[in-house]
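Q: File start.csv follows (CSV, C-alpha atoms):
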```
chain,number,residue,atom,x,y,z
A,25,MET,CA,65.6,-65.5,30.3
A,26,ALA,CA,64.6,-63.1,33.1
A,27,THR,CA,61.2,-61.4,33.4
A,28,GLY,CA,60.1,-58.1,34.7
A,29,ARG,CA,61.2,-54.5,34.0
A,30,THR,CA,64.4,-53.4,32.3
A,31,LEU,CA,66.5,-50.4,31.2
A,32,ASN,CA,67.5,-48.9,28.0
A,33,ARG,CA,71.1,-50.0,28.5
A,34,TRP,CA,70.1,-53.6,28.1
A,35,ALA,CA,68.7,-53.0,24.6
A,36,ARG,CA,70.6,-54.1,21.6
A,37,VAL,CA,70.1,-53.0,17.9
A,38,TYR,CA,71.1,-55.0,14.9
A,39,VAL,CA,70.5,-53.6,11.4
A,40,ALA,CA,71.4,-55.4,8.2
A,41,GLY,CA,73.8,-57.7,9.9
A,42,TYR,CA,75.6,-55.0,11.9
A,43,ASP,CA,75.6,-54.7,15.6
A,44,LEU,CA,74.9,-51.0,16.1
A,45,SER,CA,74.4,-51.2,19.9
A,46,CYS,CA,77.5,-49.5,20.9
A,47,TYR,CA,76.7,-46.5,18.7
A,48,SER,CA,73.1,-46.3,19.7
A,49,ARG,CA,71.5,-44.3,22.4
A,50,THR,CA,67.8,-45.0,21.8
A,51,ILE,CA,65.5,-46.6,19.3
A,52,GLY,CA,61.8,-46.2,19.2
A,53,PRO,CA,58.9,-45.9,19.6
A,54,LEU,CA,58.6,-49.5,18.5
A,55,VAL,CA,55.2,-49.3,16.9
A,56,ALA,CA,52.4,-51.6,15.8
A,57,ASP,CA,49.5,-49.2,15.1
A,58,TYR,CA,46.3,-50.3,13.5
A,59,ASN,CA,44.3,-47.9,11.5
A,60,ALA,CA,40.7,-48.0,12.6
A,61,ALA,CA,38.2,-48.2,9.7
A,62,ASP,CA,34.8,-46.8,10.6
A,63,VAL,CA,32.1,-49.3,9.5
A,64,THR,CA,29.3,-47.8,11.4
A,65,ALA,CA,25.8,-48.3,10.0
A,66,ASP,CA,24.4,-44.9,11.0
A,67,MET,CA,20.8,-45.9,10.6
A,68,CYS,CA,21.0,-48.8,12.9
A,69,ASP,CA,24.1,-48.9,15.1
A,70,ALA,CA,23.8,-47.4,18.6
A,71,VAL,CA,27.5,-46.5,18.7
A,72,ARG,CA,30.2,-46.1,16.1
A,73,GLY,CA,32.0,-49.3,15.2
A,74,TYR,CA,35.4,-49.9,13.9
A,75,LEU,CA,37.5,-52.7,12.4
A,76,PRO,CA,41.3,-52.8,12.5
A,77,ASP,CA,42.8,-52.1,9.1
A,78,ALA,CA,46.4,-53.1,8.1
A,79,PRO,CA,48.8,-51.9,10.8
A,80,ASN,CA,51.7,-49.5,10.5
A,81,ILE,CA,54.7,-51.2,11.9
A,82,SER,CA,57.9,-49.3,12.5
A,83,PRO,CA,60.9,-49.3,14.8
A,84,GLY,CA,60.8,-45.6,15.1
A,85,THR,CA,64.0,-43.5,15.2
A,86,LEU,CA,67.5,-44.7,15.9
A,87,ASN,CA,69.4,-42.1,17.8
A,88,GLY,CA,73.1,-42.7,18.0
A,89,VAL,CA,76.6,-41.3,18.1
A,90,MET,CA,78.3,-40.5,14.8
A,91,ASP,CA,81.3,-42.8,14.4
A,92,ASN,CA,83.1,-43.5,11.2
A,93,THR,CA,84.8,-46.7,12.3
A,94,ALA,CA,85.6,-48.6,9.1
A,95,THR,CA,83.1,-51.1,7.8
A,96,SER,CA,80.9,-51.3,10.9
A,97,GLY,CA,80.6,-47.8,12.3
A,98,LEU,CA,77.2,-46.1,12.4
A,99,HIS,CA,78.3,-43.5,9.9
A,100,VAL,CA,79.9,-45.9,7.5
A,101,THR,CA,76.9,-48.1,7.5
A,102,ALA,CA,73.8,-46.0,8.0
A,103,SER,CA,74.8,-43.1,5.9
A,104,THR,CA,74.4,-45.2,2.8
A,105,TRP,CA,71.0,-46.7,3.8
A,106,PRO,CA,68.4,-43.9,3.4
A,107,GLY,CA,65.8,-44.9,0.9
A,108,THR,CA,66.5,-48.6,1.2
A,109,GLY,CA,64.8,-51.3,3.3
A,110,LYS,CA,66.9,-52.8,6.1
A,111,ILE,CA,66.2,-55.7,8.4
A,112,VAL,CA,66.1,-54.4,12.0
A,113,THR,CA,66.1,-56.3,15.2
A,114,ALA,CA,65.7,-54.5,18.5
A,115,ALA,CA,66.4,-57.0,21.3
A,116,LEU,CA,65.4,-56.0,24.8
A,117,GLY,CA,67.4,-57.7,27.5
A,118,ILE,CA,65.7,-57.9,30.9
A,119,ARG,CA,68.1,-56.3,33.3
A,120,ALA,CA,70.9,-58.1,31.6
A,121,ALA,CA,72.3,-58.5,28.1
A,122,PRO,CA,69.6,-60.0,25.8
A,123,ALA,CA,69.3,-63.8,26.1
A,124,ALA,CA,67.2,-66.5,24.5
A,125,GLY,CA,63.6,-65.9,25.3
A,126,ASP,CA,63.9,-62.1,25.7
A,127,PRO,CA,61.5,-59.9,23.6
A,128,VAL,CA,62.5,-58.6,20.2
A,129,PHE,CA,60.9,-56.2,17.7
A,130,HIS,CA,62.0,-57.0,14.2
A,131,GLY,CA,61.1,-56.7,10.5
A,132,GLN,CA,62.3,-55.0,7.4
A,133,PHE,CA,61.8,-51.2,7.3
A,134,GLN,CA,62.7,-48.3,5.1
A,135,LEU,CA,65.3,-46.0,6.5
A,136,ASN,CA,63.8,-42.6,5.7
A,137,SER,CA,66.8,-40.4,6.4
A,138,TYR,CA,70.2,-40.1,8.0
A,139,GLN,CA,70.8,-36.9,9.8
A,140,VAL,CA,74.0,-35.8,11.5
A,141,LEU,CA,73.6,-33.1,14.1
A,142,GLU,CA,75.2,-31.5,17.2
A,143,SER,CA,73.6,-32.5,20.5
A,144,GLY,CA,75.1,-31.2,23.8
A,145,GLY,CA,78.5,-30.9,22.2
A,146,ALA,CA,78.6,-34.3,20.7
A,147,ILE,CA,78.1,-35.1,17.0
A,148,THR,CA,75.1,-37.4,16.9
A,149,VAL,CA,73.0,-39.2,14.4
A,150,THR,CA,69.2,-39.3,14.0
A,151,ALA,CA,68.0,-42.1,11.6
A,152,PRO,CA,64.2,-42.4,11.5
A,153,PHE,CA,62.9,-45.6,10.1
A,154,GLY,CA,59.6,-45.6,8.3
A,155,ASN,CA,57.0,-48.3,8.0
A,156,TYR,CA,57.4,-51.9,6.7
A,157,ASP,CA,59.3,-52.2,3.5
A,158,GLU,CA,56.8,-52.5,0.7
A,159,THR,CA,59.2,-54.7,-1.3
A,160,ALA,CA,59.5,-57.2,1.5
A,161,ILE,CA,56.0,-57.6,2.9
A,162,ILE,CA,55.3,-60.9,4.6
A,163,ASN,CA,52.0,-62.4,5.5
A,164,HIS,CA,52.5,-61.9,9.2
A,165,ASN,CA,51.6,-58.7,11.0
A,166,LYS,CA,53.1,-59.1,14.5
A,167,PRO,CA,56.5,-57.4,14.9
A,168,TRP,CA,57.2,-58.7,18.4
A,169,GLY,CA,58.9,-62.0,18.9
A,170,VAL,CA,61.5,-63.7,21.0
A,171,LEU,CA,65.2,-64.0,20.8
A,172,LEU,CA,66.5,-67.5,20.1
A,173,HIS,CA,70.2,-66.8,19.8
A,174,ALA,CA,71.9,-63.7,21.2
A,175,ASN,CA,74.9,-62.2,19.5
A,176,SER,CA,77.7,-64.6,20.0
A,177,ALA,CA,79.9,-67.0,18.1
A,178,VAL,CA,78.8,-70.6,17.5
A,179,THR,CA,81.3,-73.4,16.8
A,180,ALA,CA,79.1,-76.5,17.2
A,181,VAL,CA,75.5,-77.7,16.9
A,182,ASN,CA,73.0,-76.8,19.6
A,183,ALA,CA,72.2,-79.7,21.9
A,184,ALA,CA,70.6,-77.6,24.7
A,185,ALA,CA,66.9,-77.3,25.6
A,186,GLY,CA,65.0,-74.4,24.1
A,187,ILE,CA,62.6,-71.8,25.3
A,188,ASP,CA,58.9,-71.7,25.9
A,189,ASP,CA,57.6,-68.4,24.4
A,190,ARG,CA,53.9,-69.1,24.5
A,191,GLY,CA,53.0,-72.0,26.7
A,192,ALA,CA,51.5,-74.0,23.9
A,193,ALA,CA,51.9,-74.9,20.2
A,194,SER,CA,50.5,-72.5,17.6
A,195,SER,CA,49.1,-73.0,14.2
A,196,LEU,CA,49.3,-69.6,12.4
A,197,GLY,CA,52.8,-69.8,11.2
A,198,GLY,CA,55.4,-67.2,11.9
A,199,TYR,CA,58.8,-65.9,10.7
A,200,MET,CA,62.4,-66.0,11.6
A,201,VAL,CA,64.8,-63.0,11.4
A,202,TYR,CA,68.6,-63.5,11.3
A,203,HIS,CA,71.7,-61.3,11.2
A,204,VAL,CA,75.0,-62.9,10.4
A,205,LEU,CA,77.7,-60.7,11.9
A,206,ALA,CA,80.8,-62.8,11.2
A,207,GLY,CA,82.0,-66.2,10.1
A,208,ASP,CA,84.6,-68.0,8.2
A,209,GLY,CA,82.7,-70.0,5.7
A,210,THR,CA,79.3,-71.5,4.9
A,211,ALA,CA,76.6,-72.5,7.3
A,212,THR,CA,72.9,-73.0,7.7
A,213,ILE,CA,71.0,-71.3,10.5
A,214,LYS,CA,67.7,-72.8,11.5
A,215,VAL,CA,64.8,-72.7,13.9
A,216,GLN,CA,63.8,-76.0,15.6
A,217,ASP,CA,60.7,-76.7,17.5
A,218,ALA,CA,59.6,-79.4,19.9
A,219,ALA,CA,56.7,-80.6,22.0
A,220,VAL,CA,59.0,-81.8,24.7
A,221,ASN,CA,61.8,-79.5,25.8
A,222,ASN,CA,64.9,-81.7,25.5
A,223,ASP,CA,67.5,-82.2,22.9
A,224,GLY,CA,65.9,-85.4,21.5
A,225,GLY,CA,62.5,-83.7,21.1
A,226,PHE,CA,63.7,-81.0,18.7
A,227,ALA,CA,63.4,-81.2,15.0
A,228,ASP,CA,63.8,-78.6,12.2
A,229,LEU,CA,60.8,-76.3,11.9
A,230,SER,CA,59.8,-76.8,8.3
A,231,GLY,CA,60.8,-73.8,6.2
A,232,ALA,CA,62.6,-71.9,9.0
A,233,THR,CA,66.1,-72.1,7.6
A,234,THR,CA,68.5,-69.7,5.9
A,235,GLY,CA,69.7,-72.4,3.6
A,236,VAL,CA,73.4,-72.5,3.0
A,237,ILE,CA,74.8,-69.0,3.3
A,238,ASP,CA,78.3,-67.6,3.2
A,239,CYS,CA,78.8,-66.3,6.7
A,240,SER,CA,82.1,-64.7,5.9
A,241,THR,CA,80.0,-61.8,4.6
A,242,VAL,CA,77.7,-59.8,6.8
A,243,SER,CA,74.1,-60.6,5.9
A,244,SER,CA,70.6,-60.6,7.3
A,245,GLY,CA,67.2,-62.0,6.3
A,246,ILE,CA,63.7,-62.8,7.0
A,247,VAL,CA,62.2,-66.3,6.4
A,248,ALA,CA,58.5,-66.5,6.7
A,249,LEU,CA,56.5,-69.7,7.2
A,250,ALA,CA,53.2,-70.3,5.5
A,251,ILE,CA,50.1,-69.0,7.2
A,252,GLY,CA,48.6,-71.9,9.1
A,253,ALA,CA,51.9,-73.6,9.7
A,254,THR,CA,52.1,-75.4,13.0
A,255,VAL,CA,54.8,-74.4,15.4
A,256,ARG,CA,55.3,-76.6,18.4
A,257,GLN,CA,55.6,-75.2,22.0
A,258,TYR,CA,59.3,-75.0,22.4
A,259,LEU,CA,61.8,-73.2,20.2
A,260,ARG,CA,65.6,-73.2,19.8
A,261,TRP,CA,68.3,-72.2,17.4
A,262,GLN,CA,70.3,-74.7,15.4
A,263,VAL,CA,73.2,-74.4,13.0
A,264,VAL,CA,74.7,-76.7,10.5
A,265,LEU,CA,78.3,-75.8,9.8
A,266,GLY,CA,79.4,-76.2,6.3
A,267,THR,CA,82.9,-74.9,5.5
A,268,ALA,CA,82.6,-72.5,8.5
A,269,SER,CA,84.1,-73.4,11.8
A,270,THR,CA,82.6,-70.4,13.6
A,271,VAL,CA,79.5,-68.2,12.9
A,272,THR,CA,78.4,-65.2,14.9
A,273,PHE,CA,74.8,-64.5,14.5
A,274,VAL,CA,71.5,-63.2,16.0
A,275,LEU,CA,68.3,-65.2,15.5
A,276,SER,CA,64.8,-64.3,16.5
A,277,PHE,CA,61.3,-65.7,15.8
A,278,THR,CA,57.7,-64.5,15.9
A,279,ARG,CA,54.7,-66.7,16.0
A,280,THR,CA,51.7,-65.3,14.4
B,14,MET,CA,58.7,-56.2,48.0
B,15,ALA,CA,62.1,-56.3,49.6
B,16,LEU,CA,64.7,-53.6,49.4
B,17,ALA,CA,68.1,-54.9,48.8
B,18,ILE,CA,70.3,-52.3,50.5
B,19,ALA,CA,72.2,-54.8,52.5
B,20,THR,CA,72.7,-57.0,49.4
B,21,VAL,CA,74.0,-54.0,47.4
B,22,ALA,CA,76.4,-53.1,50.2
B,23,ASP,CA,77.6,-56.7,50.2
B,24,SER,CA,78.1,-56.6,46.5
B,25,ILE,CA,80.0,-53.4,46.6
B,26,SER,CA,82.3,-55.0,49.3
B,27,LYS,CA,83.1,-57.7,46.8
B,28,LEU,CA,84.3,-55.4,44.0
B,29,SER,CA,87.8,-56.1,43.0
B,30,VAL,CA,90.2,-53.2,43.2
B,31,THR,CA,93.9,-53.9,43.4
B,32,GLY,CA,95.3,-53.0,46.7
B,33,LEU,CA,92.0,-52.0,48.3
B,34,THR,CA,90.0,-53.5,51.1
B,35,ILE,CA,86.3,-52.7,50.9
B,36,GLU,CA,84.3,-53.2,54.1
B,37,ASP,CA,80.7,-54.4,54.2
B,38,VAL,CA,78.2,-52.9,56.6
B,39,ASP,CA,78.5,-55.9,58.8
B,40,ASP,CA,82.2,-55.9,59.2
B,41,MET,CA,83.2,-52.2,59.7
B,42,SER,CA,86.3,-51.3,61.6
B,43,VAL,CA,86.5,-48.7,64.3
B,44,SER,CA,90.2,-48.5,63.8
B,45,ILE,CA,91.0,-48.3,60.2
B,46,PRO,CA,93.6,-50.8,59.1
B,47,THR,CA,96.8,-49.0,58.1
B,48,GLN,CA,98.4,-51.7,55.9
B,49,ASN,CA,96.1,-51.2,52.9
B,50,PRO,CA,93.8,-48.5,51.7
B,51,THR,CA,90.3,-49.1,52.9
B,52,LEU,CA,86.9,-48.1,51.6
B,53,ALA,CA,84.4,-48.2,54.4
B,54,PRO,CA,80.7,-47.3,54.6
B,55,ARG,CA,80.1,-44.0,56.3
B,56,ALA,CA,78.4,-44.8,59.5
B,57,ASP,CA,77.3,-41.2,60.0
B,58,ASP,CA,75.7,-40.8,56.6
B,59,TYR,CA,75.5,-44.1,54.8
B,60,ILE,CA,72.2,-43.7,52.9
B,61,SER,CA,71.1,-40.4,51.5
B,62,ASN,CA,69.1,-38.7,48.7
B,63,MET,CA,66.3,-41.3,48.6
B,64,GLU,CA,63.8,-41.0,45.8
B,65,LEU,CA,60.8,-43.3,45.4
B,66,ILE,CA,58.8,-43.1,42.2
B,67,TYR,CA,55.6,-45.0,41.5
B,68,ASP,CA,55.8,-46.5,38.0
B,69,SER,CA,52.4,-48.1,38.1
B,70,GLN,CA,49.1,-47.9,40.0
B,71,GLY,CA,48.5,-49.9,43.1
B,72,SER,CA,49.3,-49.8,46.7
B,73,GLY,CA,52.9,-49.9,48.0
B,74,ASP,CA,52.9,-53.7,48.4
B,75,VAL,CA,52.1,-54.4,44.8
B,76,ALA,CA,52.9,-51.3,42.7
B,77,GLN,CA,55.9,-51.2,40.5
B,78,MET,CA,58.3,-48.6,41.9
B,79,THR,CA,61.7,-47.3,41.2
B,80,PHE,CA,63.8,-46.5,44.3
B,81,ARG,CA,67.0,-44.5,44.0
B,82,TYR,CA,69.4,-43.7,46.8
B,83,ASP,CA,73.1,-42.9,47.4
B,84,LEU,CA,75.4,-45.1,49.4
B,85,ASN,CA,78.2,-43.1,50.9
B,86,TYR,CA,81.7,-44.4,51.5
B,87,ARG,CA,84.9,-43.0,52.9
B,88,LEU,CA,88.2,-43.9,51.4
B,89,TYR,CA,91.1,-44.1,53.9
B,90,TYR,CA,94.1,-44.2,51.7
B,91,LYS,CA,97.0,-43.7,54.1
B,92,PRO,CA,97.4,-42.4,57.7
B,93,VAL,CA,98.6,-38.8,57.7
B,94,GLY,CA,102.2,-38.6,58.7
B,95,SER,CA,104.3,-35.8,60.1
B,96,GLY,CA,105.9,-34.5,56.9
B,97,ILE,CA,104.8,-33.1,53.6
B,98,GLU,CA,103.3,-36.1,51.8
B,99,LEU,CA,102.3,-35.0,48.3
B,100,GLU,CA,103.3,-38.4,47.0
B,101,ALA,CA,100.4,-39.7,49.1
B,102,PHE,CA,98.0,-37.4,47.3
B,103,ASP,CA,99.2,-38.8,43.9
B,104,GLY,CA,98.6,-42.3,45.1
B,105,LEU,CA,95.2,-41.3,46.5
B,106,VAL,CA,94.1,-39.9,43.1
B,107,ASP,CA,95.2,-43.1,41.4
B,108,MET,CA,93.2,-45.2,43.9
B,109,ILE,CA,90.1,-43.0,43.4
B,110,ALA,CA,90.4,-43.7,39.7
B,111,LEU,CA,90.7,-47.4,40.2
B,112,ILE,CA,87.6,-47.4,42.4
B,113,LEU,CA,85.6,-45.4,39.9
B,114,ASP,CA,86.8,-47.7,37.1
B,115,ALA,CA,85.5,-50.6,39.1
B,116,VAL,CA,82.1,-49.0,39.7
B,117,ILE,CA,81.7,-47.7,36.1
B,118,GLY,CA,82.6,-51.2,34.8
B,119,ILE,CA,79.9,-52.9,36.8
B,120,VAL,CA,77.7,-55.0,34.5
B,121,ASN,CA,75.3,-56.4,37.0
B,122,LEU,CA,75.6,-55.7,40.7
B,123,THR,CA,73.6,-58.2,42.7
B,124,GLY,CA,70.7,-56.4,44.4
B,125,ALA,CA,70.8,-53.3,42.2
B,126,VAL,CA,69.5,-52.5,38.7
B,127,GLU,CA,72.0,-49.8,38.2
B,128,THR,CA,75.0,-48.4,40.2
B,129,ILE,CA,76.9,-45.3,39.2
B,130,PRO,CA,79.3,-42.9,40.9
B,131,THR,CA,77.8,-39.6,41.9
B,132,GLY,CA,78.5,-36.4,43.7
B,133,THR,CA,81.6,-34.5,44.3
B,134,ILE,CA,85.0,-36.0,45.3
B,135,ARG,CA,87.3,-33.9,47.4
B,136,PRO,CA,90.6,-35.7,47.9
B,137,GLY,CA,92.3,-34.5,51.1
B,138,ILE,CA,92.4,-35.3,54.8
B,139,VAL,CA,89.5,-37.3,56.3
B,140,VAL,CA,88.8,-38.4,59.9
B,141,ALA,CA,88.4,-42.1,60.8
B,142,PRO,CA,85.8,-43.3,63.4
B,143,ASP,CA,88.6,-43.6,66.0
B,144,GLY,CA,89.7,-40.0,65.4
B,145,THR,CA,92.8,-40.7,63.4
B,146,LEU,CA,93.5,-38.7,60.3
B,147,HIS,CA,94.0,-40.2,56.9
B,148,TRP,CA,94.5,-39.2,53.3
B,149,GLY,CA,91.3,-40.0,51.6
B,150,CYS,CA,88.0,-38.7,50.4
B,151,ASP,CA,84.2,-39.4,50.4
B,152,LEU,CA,82.7,-41.4,47.5
B,153,SER,CA,79.1,-41.8,46.7
B,154,PHE,CA,77.4,-44.4,44.6
B,155,ARG,CA,73.9,-43.8,43.2
B,156,VAL,CA,71.9,-47.0,43.3
B,157,MET,CA,68.6,-47.8,41.5
B,158,GLU,CA,66.4,-50.7,42.5
B,159,PHE,CA,63.1,-51.9,41.0
B,160,ILE,CA,60.5,-52.7,43.7
B,161,ASN,CA,57.8,-55.2,42.9
```
Now, as a test, write the supplied structure out as structure tokens.
A:
Amino acid sequence: MATGRTLNRWARVYVAGYDLSCYSRTIGPLVADYNAADVTADMCDAVRGYLPDAPNISPGTLNGVMDNTATSGLHVTASTWPGTGKIVTAALGIRAAPAAGDPVFHGQFQLNSYQVLESGGAITVTAPFGNYDETAIINHNKPWGVLLHANSAVTAVNAAAGIDDRGAASSLGGYMVYHVLAGDGTATIKVQDAAVNNDGGFADLSGATTGVIDCSTVSSGIVALAIGATVRQYLRWQVVLGTASTVTFVLSFTRT
Amino acid sequence: MALAIATVADSISKLSVTGLTIEDVDDMSVSIPTQNPTLAPRADDYISNMELIYDSQGSGDVAQMTFRYDLNYRLYYKPVGSGIELEAFDGLVDMIALILDAVIGIVNLTGAVETIPTGTIRPGIVVAPDGTLHWGCDLSFRVMEFIN
């Protein structure tokens, strides 16, 4: 995990289990915008006072290149999505392809429309996402988290150390977001936490699991922990291979 | 802060292009080797088109800045002979394409945040530092560095 500034070309976009990065030009603005409720007591307060209301959270607009590649092309996938909620993960690699510990913006959002248009001679796509999907609201209001597993195939359990995303344990719960891009059978994808960053220190983070899923089918999901759940300082991905010998997935996590 | 121009030049010299020798700024030849095509830094105009943009507030020692510049190279494909050598031109164009492929295909070049080909390429006859004539051309690479 590197730190510092980065460029758009190191961003990656995953929607509903599909890697749309190579069709995408930009995504954003990645927004968490709190409405400010005016609670000024005019007869007493010297200045106007506000409290933050529920935030609008949205990944903004996905701009990409129209491509009708079978099954996974931007046109084949996104053209059927308007009006439905889709799980989105925007991973921001820091001057390199995204790696564990890099920032991600994720959640489930309505795709408001899918527009194909000409831009500078190319046929392009504008796909604006709306706010958080009302049918999938979770009890956590932070859309920014960290990447635990970048897009790659896994064929064995994880025995490596994890990442330190916060510098301390937390006790407000959180949620994991996953995209399964490919696989050849069943597996369980999990988040593990630890107080000491070595293989022996990690244990399953209670509730942060996909359960057994069929990874031969593209899928995605969000698994939320209870508010108040303790998450120890270090995090890592874990997989339990069932009938699958290989699983390609992206996994990220947000502490609340 | 530390500009990494020398590091970028070193990284470019380590690009792999079949049949090509790429010289670093610290091992440039006065007499261009004739056995293999050679890409060498242009000693007369190596760094050009500098552009420094402040991305944040602060003085120069701490502010985040983006620094862009061109690094200019000369490709010496083959010494000019006495006859009509249009086959050399064909080979020169192929070599230019290989070099551009290598630069376009860079994922991470040590020292630079981004490196892309830029400018105009005019394949033809170029003059080496020792005055000999070669089939070749000038090539420029636009480099971006983050400072601080």
Q: Find the residue from B:Glu158, B:Leu113, B:Ala56, B:Ile18 that sits nearest to Met78 of chain B; use all atoms listed in the file when measuring.
A: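 For Met78 of chain B, the nearest of the candidates is B:Glu158.
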Q: With 10 Å as the limit and counting all atoms listed in the file, what residues in chain B lie close to chain A? Please list them as a list in words.
A: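 On the chain B side, the interface is Gln77, Val120, Asn121, Ala125, Val126, Glu127, Phe159, Ile160 and Asn161 of chain B.
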Q: Starting from the point (52.5, -47.6, 13.2), work out which residues of protein, DNA or RNA have an atom no more than 12 Å away when counting only C-alpha atoms; state them as a ChimeraX atom specification.
A: /A:52-60,77-84,133,153-156,165-167
Q: Could you check how far atom CA of Val156 of chain B sits from atom CA of Gly125 of chain A, in Å to one decimal?
A: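 So the two atoms, atom CA of Val156 of chain B and atom CA of Gly125 of chain A, lie 27.4 Å apart.
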Q: Could you list, as a list of chain:residue names, every residue within 7 Å of Ile60 of chain B, counting only C-alpha atoms and ignoring same-chain residues fewer than 6 positions away?
A: B:Tyr82, B:Asp83, B:Leu84, B:Asn85
Q: Go ahead and dump the residues you just picked, C-alpha atoms, as a JSON list (two decimals), keeping the file's coordinate frame.
A:
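Output saved as result-v2.json:
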```json
[["chain", "number", "residue", "atom", "x", "y", "z"],
["B", 82, "TYR", "CA", 69.40, -43.70, 46.80],
["B", 83, "ASP", "CA", 73.10, -42.90, 47.40],
["B", 84, "LEU", "CA", 75.40, -45.10, 49.40],
["B", 85, "ASN", "CA", 78.20, -43.10, 50.90]]
```
Q: Would you list the contacts of segment 234-236 of chain A as a list of chain:residue names, taking every protein, DNA or RNA residue within 8 Å and counting all atoms listed in the file, but skipping same-chain residues closer than 5 positions in sequence?
A: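 The residues satisfying every condition are A:Thr210, A:Ala211, A:Thr212, A:Ile213, A:Lys214, A:Gly245, A:Val247, A:Gly266.
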Q: Go ahead and compute the interatomic distance for atom CA of Ala177 of chain A and atom CA of Arg49 of chain A, in Å to one decimal.
A: 24.6 Å
Q: Place a sphere of radius 9 Å on (79.3, -41.7, 17.0) in the file coordinates and name every protein, DNA or RNA residue with an atom inside or on its surface, counting only C-alpha atoms; give the answer as a PyMOL selection string.
A: chain A and resi 46-48+88-93+97-99+146-149
Q: Which is closest to Thr272 of chain A among A:Trp168, A:Tyr202, A:Tyr138, A:Tyr74, if we use all atoms listed in the file?
A: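 Ranking A:Trp168, A:Tyr202, A:Tyr138, A:Tyr74 by distance to Thr272 of chain A, first place goes to A:Tyr202.
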Q: Kindly assemble as JSON lines a list of the segment 125-239 of chain A residues that lie within 9 Å of segment 100-103 of chain A, each paired with its nearest atom pair and their distance in Å to one decimal, using only C-alpha atoms, sorted first by chain and then by ascending residue number.
A:
```
{"residue": "A:Leu135", "atom": "CA", "partner": "A:Ala102", "partner_atom": "CA", "distance": 8.6}
{"residue": "A:Ser137", "atom": "CA", "partner": "A:Ser103", "partner_atom": "CA", "distance": 8.5}
{"residue": "A:Tyr138", "atom": "CA", "partner": "A:Ser103", "partner_atom": "CA", "distance": 5.9}
{"residue": "A:Gln139", "atom": "CA", "partner": "A:Ser103", "partner_atom": "CA", "distance": 8.3}
{"residue": "A:Ala151", "atom": "CA", "partner": "A:Ala102", "partner_atom": "CA", "distance": 7.9}
```
Q: Give the answer as one residue: which of B:Gly124, B:Pro54, B:Gly32, B:Gly73 has the shortest atom-to-atom distance to Ser153 of chain B, using only C-alpha atoms?
A: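 The shortest atom-to-atom distance to Ser153 of chain B comes from B:Pro54.
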Q: What's around Ser276 of chain A at 12 Å? Count only C-alpha atoms, leave out sequence neighbours fewer than 4 positions away in its own chain, and write the answer as a ChimeraX atom specification.
A: /A:38,111-116,122-131,167-175,187,189,198-204,213-216,232-233,244-248,259-262
Q: Rounded to one decimal in Å, what is the spacing between atom CA of Ile161 of chain A and atom CA of Gly231 of chain A?
A: 17.2 Å
